[in-house]
Amino acid sequence: MSLALIVLAAGQGTRMKSDLPKVLHEVGGAPLVHHAVSAGRALNPARVVLVTGHAAVQVEDVVERFDPGVEFVRQDDPLGTGHAVAQAAPLLADFAGDVVVLYGDTPFISADTLMHLMAARQDHDIAVLGFQAAEPGRYGRLVKDGDCLKKIVEYKDADEATRAISLCNSGILIAPAALLFRLIDALRPDNAAGEYYLTDIVELACAEDRSVTAVTCPEAETLGVNSRADLARAEAVFQKRARAAAMDAGVTLRDPDTVHLSYDTTFGRDVVIEPNVVFGPDVRIEDGAHIKSFSHLEGCHIGGNAVVGPYARLRPGAKLGAEARIGNFEELKKAEIGTGAKVNHQSYVGEARVGDRANVGAGTITCNYDGVFKHRTEIGSDAFIGSNTMLVAPVSVGQGAMTASGSVITNDVPDEALAVARARQDNKPGLARKFFDALRRRKEKQQSIKKNEAE
């Protein structure tokens with residue numbers, strides 16, 4: 001049986017108090033809606049339809065970058081979840097399979113739970129996902145008769161007896177496409193909110209003697225994000241899971257609670273991560289690498305047994321070869337560092353390639369930006385860049401070449417050459433004493449003027 005996903009992402013999220021649409025707020029470096037789509041794609045669906053509304057163009061642009069192949073429909077009027085799902089009906093008019101409805105602000109539904117929901121659908125016309133809530137609060141309640149789900153009642157429409165039920169609605173369900181859209185056509189906004197509730201299809205299905213069931217999952221999987229506090233809780237859940245997965249895969253986290261991972265961080269085996277390291281999106285770390293404390297990495301590739309930090313910043317396009325060394329207070333951007341090369345002390349290397357076994361001295365800067373264009377620096381293998389060298393790109397330093405400390409290199413340096421590019425030192429006897437004496441006399445004069453003005 002083929003499967004389609006409908007992901008609801010039309011809400012504004014007013015409780016977030018943000019100009020950014022709710023589903024684009026990030027957890028683990030990825031928008032909430034990407035987590036929801038990724039969960040659904042574990043089911044290998046034939047179609048994925050995203051329903052947008054508030055800031056539709058912005059949401060669609062982001063989703064296209066993260067999840068190519070998603071189809072879009074828009075809910076122009078916020079008339080409820082049933083109305084939102086109905087917007088997908090024209091796109092899926094000829095679809096003969098089942099439809100799973102997911103929510104763009106619910107990032108933690110697991111593939112196992114969705115598989116369980118699909119299995120329940122094999123014996124029933126509709127299957128709904130619920131959870132036992134520790135504090136049911138304002139969730140909708142699942143009203144059952146034995147194993148049969150009879151109706152879903154929204155909190156604001158529930159009486160006290162119904163509100164006492166602890167089995168709550170996640171909003172997620174599966175049903176045949178034809179049945180789902182036919183039942184949605186029969187919805188009426190006869191409720192306290194004046195909206196078309198998707199949940200009402202359960203009672204309509206039961207009126208037709210259809211079989212409806214509910215399966216449950218851990219409450220943590222159903223966490224929806226509606227406020228900044230919810231977003232913080234979701235980030236904490238994500239980080240806890242990501243850290244556990246990394247350690248299970250053979251990564252050493254010296255102080256797990258201080259390491260922040262991204263949704264796509266990839267580790268090899270025997271990687272060591274010290275405390276207070278932050279991983280942005282698109283970081284890949286090979287076997288045996290060591291990331292020291294207070295480093296920040298994003299968009300980079302770390303080779304096997306390389307060492308980074310402490311206090312290093314690796315920006316997008318940084319690529320380290322095996323056994324490379326990046327030391328404290330370094331910044332790399334679009335820089336390839338060869339096997340065994342070293343950039344150890346307070347340097348900036350951008351738009352550059354550093355050859356194998358080359359050594360870049362303290363305070364070196366690749367001056368790659370002229371105010372309009374970026375230019376590239378090439379440093380050959382086994383080269384030695386003296387401390388406080390300015391490499392004014394475009395420029396190259398040959399294999400085995402050397403630059404003298406304090407040089408400003410504006411021309412290419414041939415292989416095995418020594419480049420010295422600094423002004424000749426000129427000592428002026430006694431001038432330092434005369435200079436400081438003049439400064440002190442000026443300071444005394446200024447202090448005397450201030451004293452007279454005060455008197």
# chains A, B, ... in the order shown; residues from 1 in each chain; ligands from 1
>>> residues_around(residues="Gly350 in chain A", least_positions_apart="3", cutoff="6 Å", atoms="only C-alpha atoms", output="list of chain:residue names")
A:Leu332, A:Lys333, A:Lys334, A:Ala335
>>> residues_around(residues="Ile201 in chain A", least_positions_apart="4", cutoff="12 Å", atoms="only C-alpha atoms", output="VMD selection string")
chain A and resid 81 to 83 85 125 to 128 149 to 153 171 173 to 175 179 to 188 196 to 197 205 to 208 210 to 212
>>> atom_distance(atom1="CA of Ser38 in chain A", atom2="CA of Val278 in chain A")
23.0 Å
>>> residues_around(residues="range 401-411 of chain A", least_positions_apart="3", cutoff="7 Å", atoms="only C-alpha atoms", output="count of residues only")
22
>>> closest_atom_pairs(of="range 165-220 of chain A", to="range 61-80 of chain A", cutoff="9 Å", atoms="only C-alpha atoms", output="JSON lines")
{"residue": "A:Pro189", "atom": "CA", "partner": "A:Leu79", "partner_atom": "CA", "distance": 8.7}
{"residue": "A:Ala193", "atom": "CA", "partner": "A:Gly80", "partner_atom": "CA", "distance": 8.7}
{"residue": "A:Gly194", "atom": "CA", "partner": "A:Leu79", "partner_atom": "CA", "distance": 7.8}
{"residue": "A:Glu195", "atom": "CA", "partner": "A:Gly80", "partner_atom": "CA", "distance": 4.9}
{"residue": "A:Tyr196", "atom": "CA", "partner": "A:Gly80", "partner_atom": "CA", "distance": 4.9}
{"residue": "A:Tyr197", "atom": "CA", "partner": "A:Gly80", "partner_atom": "CA", "distance": 5.8}
{"residue": "A:Leu198", "atom": "CA", "partner": "A:Gly80", "partner_atom": "CA", "distance": 7.6}
>>> write_last_selection(atoms="N, CA and C atoms", output="PDB file, in the first residue's frame")
ATOM      1  N   PRO A 189     -18.249  23.398  11.622  1.00  0.00           N
ATOM      2  CA  PRO A 189     -17.588  24.157  12.703  1.00  0.00           C
ATOM      3  C   PRO A 189     -18.483  24.379  13.916  1.00  0.00           C
ATOM      4  N   ALA A 193     -14.599  26.889  19.151  1.00  0.00           N
ATOM      5  CA  ALA A 193     -13.660  27.701  18.377  1.00  0.00           C
ATOM      6  C   ALA A 193     -14.212  28.106  17.020  1.00  0.00           C
ATOM      7  N   GLY A 194     -15.318  27.507  16.610  1.00  0.00           N
ATOM      8  CA  GLY A 194     -15.866  27.794  15.290  1.00  0.00           C
ATOM      9  C   GLY A 194     -14.960  27.326  14.163  1.00  0.00           C
ATOM     10  N   GLU A 195     -14.243  26.229  14.411  1.00  0.00           N
ATOM     11  CA  GLU A 195     -13.298  25.719  13.423  1.00  0.00           C
ATOM     12  C   GLU A 195     -13.710  24.330  12.941  1.00  0.00           C
ATOM     13  N   TYR A 196     -13.076  23.907  11.838  1.00  0.00           N
ATOM     14  CA  TYR A 196     -13.280  22.556  11.316  1.00  0.00           C
ATOM     15  C   TYR A 196     -12.215  21.658  11.936  1.00  0.00           C
ATOM     16  N   TYR A 197     -12.637  20.874  12.920  1.00  0.00           N
ATOM     17  CA  TYR A 197     -11.705  20.018  13.650  1.00  0.00           C
ATOM     18  C   TYR A 197     -11.430  18.733  12.876  1.00  0.00           C
ATOM     19  N   LEU A 198     -10.176  18.433  12.627  1.00  0.00           N
ATOM     20  CA  LEU A 198      -9.831  17.135  12.046  1.00  0.00           C
ATOM     21  C   LEU A 198     -10.262  16.009  12.975  1.00  0.00           C
TER      22      LEU A 198
END
>>> residues_around(residues="Leu24 in chain A", least_positions_apart="2", cutoff="9 Å", atoms="only C-alpha atoms", output="list of chain:residue names")
A:Leu20, A:Pro21, A:Lys22, A:Glu26, A:Ala30, A:Pro31, A:Leu32, A:Val33, A:His34, A:Gln58, A:Val59, A:Val62, A:Val63, A:Gly104, A:Asp105
>>> write_last_selection(atoms="N, CA and C atoms", output="mmCIF file, in the first residue's frame")
data_model
loop_
_atom_site.group_PDB
_atom_site.id
_atom_site.type_symbol
_atom_site.label_atom_id
_atom_site.label_comp_id
_atom_site.auth_asym_id
_atom_site.auth_seq_id
_atom_site.Cartn_x
_atom_site.Cartn_y
_atom_site.Cartn_z
ATOM 1 N N LEU A 20 9.426 35.279 13.064
ATOM 2 C CA LEU A 20 9.725 34.037 12.352
ATOM 3 C C LEU A 20 8.576 33.054 12.530
ATOM 4 N N PRO A 21 8.079 32.440 11.447
ATOM 5 C CA PRO A 21 7.027 31.425 11.594
ATOM 6 C C PRO A 21 7.442 30.331 12.575
ATOM 7 N N LYS A 22 6.490 29.861 13.334
ATOM 8 C CA LYS A 22 6.808 28.909 14.397
ATOM 9 C C LYS A 22 7.582 27.699 13.889
ATOM 10 N N GLU A 26 14.376 26.747 15.257
ATOM 11 C CA GLU A 26 15.279 25.607 15.120
ATOM 12 C C GLU A 26 15.463 24.815 16.404
ATOM 13 N N ALA A 30 18.225 22.771 12.977
ATOM 14 C CA ALA A 30 17.316 22.560 11.850
ATOM 15 C C ALA A 30 15.919 23.025 12.240
ATOM 16 N N PRO A 31 15.135 23.546 11.282
ATOM 17 C CA PRO A 31 13.790 24.002 11.621
ATOM 18 C C PRO A 31 12.922 22.857 12.116
ATOM 19 N N LEU A 32 11.988 23.193 12.980
ATOM 20 C CA LEU A 32 11.080 22.182 13.531
ATOM 21 C C LEU A 32 10.441 21.349 12.432
ATOM 22 N N VAL A 33 10.018 21.998 11.365
ATOM 23 C CA VAL A 33 9.299 21.278 10.316
ATOM 24 C C VAL A 33 10.192 20.241 9.642
ATOM 25 N N HIS A 34 11.493 20.488 9.585
ATOM 26 C CA HIS A 34 12.383 19.481 8.999
ATOM 27 C C HIS A 34 12.397 18.212 9.843
ATOM 28 N N GLN A 58 8.102 32.166 2.856
ATOM 29 C CA GLN A 58 9.286 31.970 3.688
ATOM 30 C C GLN A 58 9.411 30.513 4.119
ATOM 31 N N VAL A 59 8.301 29.924 4.571
ATOM 32 C CA VAL A 59 8.321 28.516 4.995
ATOM 33 C C VAL A 59 8.678 27.613 3.829
ATOM 34 N N VAL A 62 12.440 27.679 2.892
ATOM 35 C CA VAL A 62 13.299 26.935 3.823
ATOM 36 C C VAL A 62 13.113 25.431 3.646
ATOM 37 N N VAL A 63 11.873 24.986 3.523
ATOM 38 C CA VAL A 63 11.618 23.549 3.384
ATOM 39 C C VAL A 63 12.228 23.013 2.094
ATOM 40 N N GLY A 104 4.014 20.166 11.809
ATOM 41 C CA GLY A 104 5.319 20.770 11.642
ATOM 42 C C GLY A 104 5.952 21.292 12.906
ATOM 43 N N ASP A 105 5.180 21.372 13.989
ATOM 44 C CA ASP A 105 5.730 21.858 15.265
ATOM 45 C C ASP A 105 5.910 20.738 16.279
#
>>> select_by_dssp(residues="range 118-255 of chain A", states="alpha helix (DSSP H)", output="PyMOL selection string")
chain A and resi 118-121+160-163+177-185+201-207+228-248
>>> residues_around(residues="Ile6 in chain A", least_positions_apart="2", cutoff="8 Å", atoms="only C-alpha atoms", output="list in words")
Ala4, Leu8, Val48, Val49, Leu50, Val51, Val85, Ala88, Val99, Val100, Val101 and Leu102 of chain A
>>> select_by_dssp(residues="range 162-373 of chain A", states="strand (DSSP E)", output="PyMOL selection string")
chain A and resi 167-176+212-216+252-253+266-267+272-273+278-279+284-285+290-291+296-297+301-302+307-308+313-314+319-320+325-328+331-337+342-345+348-354+359-360+365-367
>>> residues_around(residues="Met247 in chain A", least_positions_apart="5", cutoff="10 Å", atoms="only C-alpha atoms", output="list in words")
Ala242, Thr252, Leu253, Pro256, Phe267, Arg269, Asp270 and Val271 of chain A
>>> closest_residue(among="A:Gln87, A:Asn44, A:Thr366, A:Ser347", to="Ile379 in chain A", atoms="only C-alpha atoms")
A:Thr366
>>> atom_distance(atom1="CA of Glu286 in chain A", atom2="CA of Arg376 in chain A")
26.3 Å
>>> closest_residue(among="A:Asn328, A:Gln446, A:Thr213, A:Thr266", to="Ala119 in chain A", atoms="only C-alpha atoms")
A:Thr213
>>> residues_around(residues="range 305-320 of chain A", least_positions_apart="4", cutoff="6 Å", atoms="only C-alpha atoms", output="PyMOL selection string")
chain A and resi 288-301+324-337
>>> write_last_selection(atoms="N, CA, C and O atoms", output="mmCIF file, in the first residue's frame")
data_model
loop_
_atom_site.group_PDB
_atom_site.id
_atom_site.type_symbol
_atom_site.label_atom_id
_atom_site.label_comp_id
_atom_site.auth_asym_id
_atom_site.auth_seq_id
_atom_site.Cartn_x
_atom_site.Cartn_y
_atom_site.Cartn_z
ATOM 1 N N GLY A 288 39.181 9.099 15.539
ATOM 2 C CA GLY A 288 40.323 9.460 16.357
ATOM 3 C C GLY A 288 40.595 10.941 16.504
ATOM 4 O O GLY A 288 41.574 11.325 17.153
ATOM 5 N N ALA A 289 39.752 11.794 15.945
ATOM 6 C CA ALA A 289 39.974 13.234 16.080
ATOM 7 C C ALA A 289 39.705 13.677 17.518
ATOM 8 O O ALA A 289 38.954 13.046 18.257
ATOM 9 N N HIS A 290 40.290 14.796 17.886
ATOM 10 C CA HIS A 290 40.188 15.308 19.256
ATOM 11 C C HIS A 290 39.812 16.781 19.171
ATOM 12 O O HIS A 290 40.579 17.598 18.638
ATOM 13 N N ILE A 291 38.645 17.137 19.695
ATOM 14 C CA ILE A 291 38.173 18.517 19.684
ATOM 15 C C ILE A 291 38.266 19.041 21.113
ATOM 16 O O ILE A 291 37.578 18.546 22.011
ATOM 17 N N LYS A 292 39.101 20.052 21.316
ATOM 18 C CA LYS A 292 39.346 20.557 22.662
ATOM 19 C C LYS A 292 38.334 21.640 23.043
ATOM 20 O O LYS A 292 37.609 22.168 22.212
ATOM 21 N N SER A 293 38.338 21.984 24.298
ATOM 22 C CA SER A 293 37.294 22.818 24.907
ATOM 23 C C SER A 293 37.121 24.176 24.222
ATOM 24 O O SER A 293 38.062 24.754 23.679
ATOM 25 N N PHE A 294 35.875 24.658 24.292
ATOM 26 C CA PHE A 294 35.488 26.001 23.857
ATOM 27 C C PHE A 294 35.710 26.229 22.364
ATOM 28 O O PHE A 294 35.944 27.360 21.937
ATOM 29 N N SER A 295 35.624 25.177 21.592
ATOM 30 C CA SER A 295 35.730 25.320 20.144
ATOM 31 C C SER A 295 34.328 25.363 19.529
ATOM 32 O O SER A 295 33.373 24.816 20.075
ATOM 33 N N HIS A 296 34.235 26.032 18.369
ATOM 34 C CA HIS A 296 32.960 26.176 17.657
ATOM 35 C C HIS A 296 33.192 25.748 16.210
ATOM 36 O O HIS A 296 34.036 26.323 15.511
ATOM 37 N N LEU A 297 32.426 24.743 15.759
ATOM 38 C CA LEU A 297 32.628 24.179 14.427
ATOM 39 C C LEU A 297 31.318 24.210 13.649
ATOM 40 O O LEU A 297 30.251 23.886 14.197
ATOM 41 N N GLU A 298 31.393 24.579 12.380
ATOM 42 C CA GLU A 298 30.224 24.511 11.504
ATOM 43 C C GLU A 298 30.694 24.347 10.068
ATOM 44 O O GLU A 298 31.720 24.895 9.665
ATOM 45 N N GLY A 299 29.973 23.551 9.308
ATOM 46 C CA GLY A 299 30.257 23.391 7.892
ATOM 47 C C GLY A 299 31.665 22.934 7.581
ATOM 48 O O GLY A 299 32.262 23.358 6.587
ATOM 49 N N CYS A 300 32.216 22.035 8.398
ATOM 50 C CA CYS A 300 33.619 21.655 8.221
ATOM 51 C C CYS A 300 33.809 20.142 8.299
ATOM 52 O O CYS A 300 32.938 19.407 8.763
ATOM 53 N N HIS A 301 34.985 19.697 7.846
ATOM 54 C CA HIS A 301 35.341 18.286 7.823
ATOM 55 C C HIS A 301 36.680 18.129 8.541
ATOM 56 O O HIS A 301 37.672 18.752 8.144
ATOM 57 N N ALA A 324 46.197 16.778 11.218
ATOM 58 C CA ALA A 324 46.410 18.232 11.224
ATOM 59 C C ALA A 324 46.231 18.761 12.642
ATOM 60 O O ALA A 324 45.556 18.145 13.479
ATOM 61 N N ARG A 325 46.820 19.926 12.909
ATOM 62 C CA ARG A 325 46.738 20.542 14.238
ATOM 63 C C ARG A 325 46.262 21.986 14.091
ATOM 64 O O ARG A 325 46.917 22.795 13.422
ATOM 65 N N ILE A 326 45.141 22.281 14.734
ATOM 66 C CA ILE A 326 44.608 23.640 14.771
ATOM 67 C C ILE A 326 44.555 24.051 16.228
ATOM 68 O O ILE A 326 43.850 23.441 17.031
ATOM 69 N N GLY A 327 45.311 25.078 16.610
ATOM 70 C CA GLY A 327 45.470 25.395 18.016
ATOM 71 C C GLY A 327 44.505 26.434 18.542
ATOM 72 O O GLY A 327 43.407 26.630 18.009
ATOM 73 N N ASN A 328 44.912 27.132 19.581
ATOM 74 C CA ASN A 328 44.011 28.029 20.290
ATOM 75 C C ASN A 328 43.842 29.360 19.565
ATOM 76 O O ASN A 328 44.773 29.918 18.997
ATOM 77 N N PHE A 329 42.613 29.854 19.609
ATOM 78 C CA PHE A 329 42.237 31.142 19.035
ATOM 79 C C PHE A 329 42.520 31.216 17.535
ATOM 80 O O PHE A 329 42.874 32.278 17.009
ATOM 81 N N GLU A 330 42.333 30.114 16.848
ATOM 82 C CA GLU A 330 42.440 30.082 15.385
ATOM 83 C C GLU A 330 41.063 30.266 14.767
ATOM 84 O O GLU A 330 40.048 29.865 15.338
ATOM 85 N N GLU A 331 41.037 30.851 13.569
ATOM 86 C CA GLU A 331 39.807 30.915 12.793
ATOM 87 C C GLU A 331 40.116 30.471 11.368
ATOM 88 O O GLU A 331 41.033 30.993 10.730
ATOM 89 N N LEU A 332 39.325 29.509 10.882
ATOM 90 C CA LEU A 332 39.481 28.989 9.529
ATOM 91 C C LEU A 332 38.166 29.137 8.777
ATOM 92 O O LEU A 332 37.088 28.881 9.332
ATOM 93 N N LYS A 333 38.247 29.539 7.520
ATOM 94 C CA LYS A 333 37.060 29.628 6.659
ATOM 95 C C LYS A 333 37.478 29.299 5.225
ATOM 96 O O LYS A 333 38.415 29.891 4.698
ATOM 97 N N LYS A 334 36.773 28.367 4.609
ATOM 98 C CA LYS A 334 37.106 27.921 3.261
ATOM 99 C C LYS A 334 38.601 27.662 3.133
ATOM 100 O O LYS A 334 39.255 28.134 2.207
ATOM 101 N N ALA A 335 39.111 26.909 4.091
ATOM 102 C CA ALA A 335 40.549 26.630 4.137
ATOM 103 C C ALA A 335 40.772 25.129 4.211
ATOM 104 O O ALA A 335 40.156 24.444 5.032
ATOM 105 N N GLU A 336 41.666 24.626 3.360
ATOM 106 C CA GLU A 336 42.048 23.221 3.375
ATOM 107 C C GLU A 336 43.411 23.101 4.049
ATOM 108 O O GLU A 336 44.383 23.722 3.597
ATOM 109 N N ILE A 337 43.450 22.335 5.099
ATOM 110 C CA ILE A 337 44.690 22.155 5.866
ATOM 111 C C ILE A 337 45.173 20.735 5.616
ATOM 112 O O ILE A 337 44.475 19.763 5.908
#
>>> closest_residue(among="A:Lys156, A:Arg121, A:Arg141, A:His345", to="Pro176 in chain A", atoms="only C-alpha atoms")
A:Arg121
>>> closest_residue(among="A:Pro281, A:Gly28, A:Gly11, A:Gly224", to="Thr106 in chain A", atoms="only C-alpha atoms")
A:Gly224
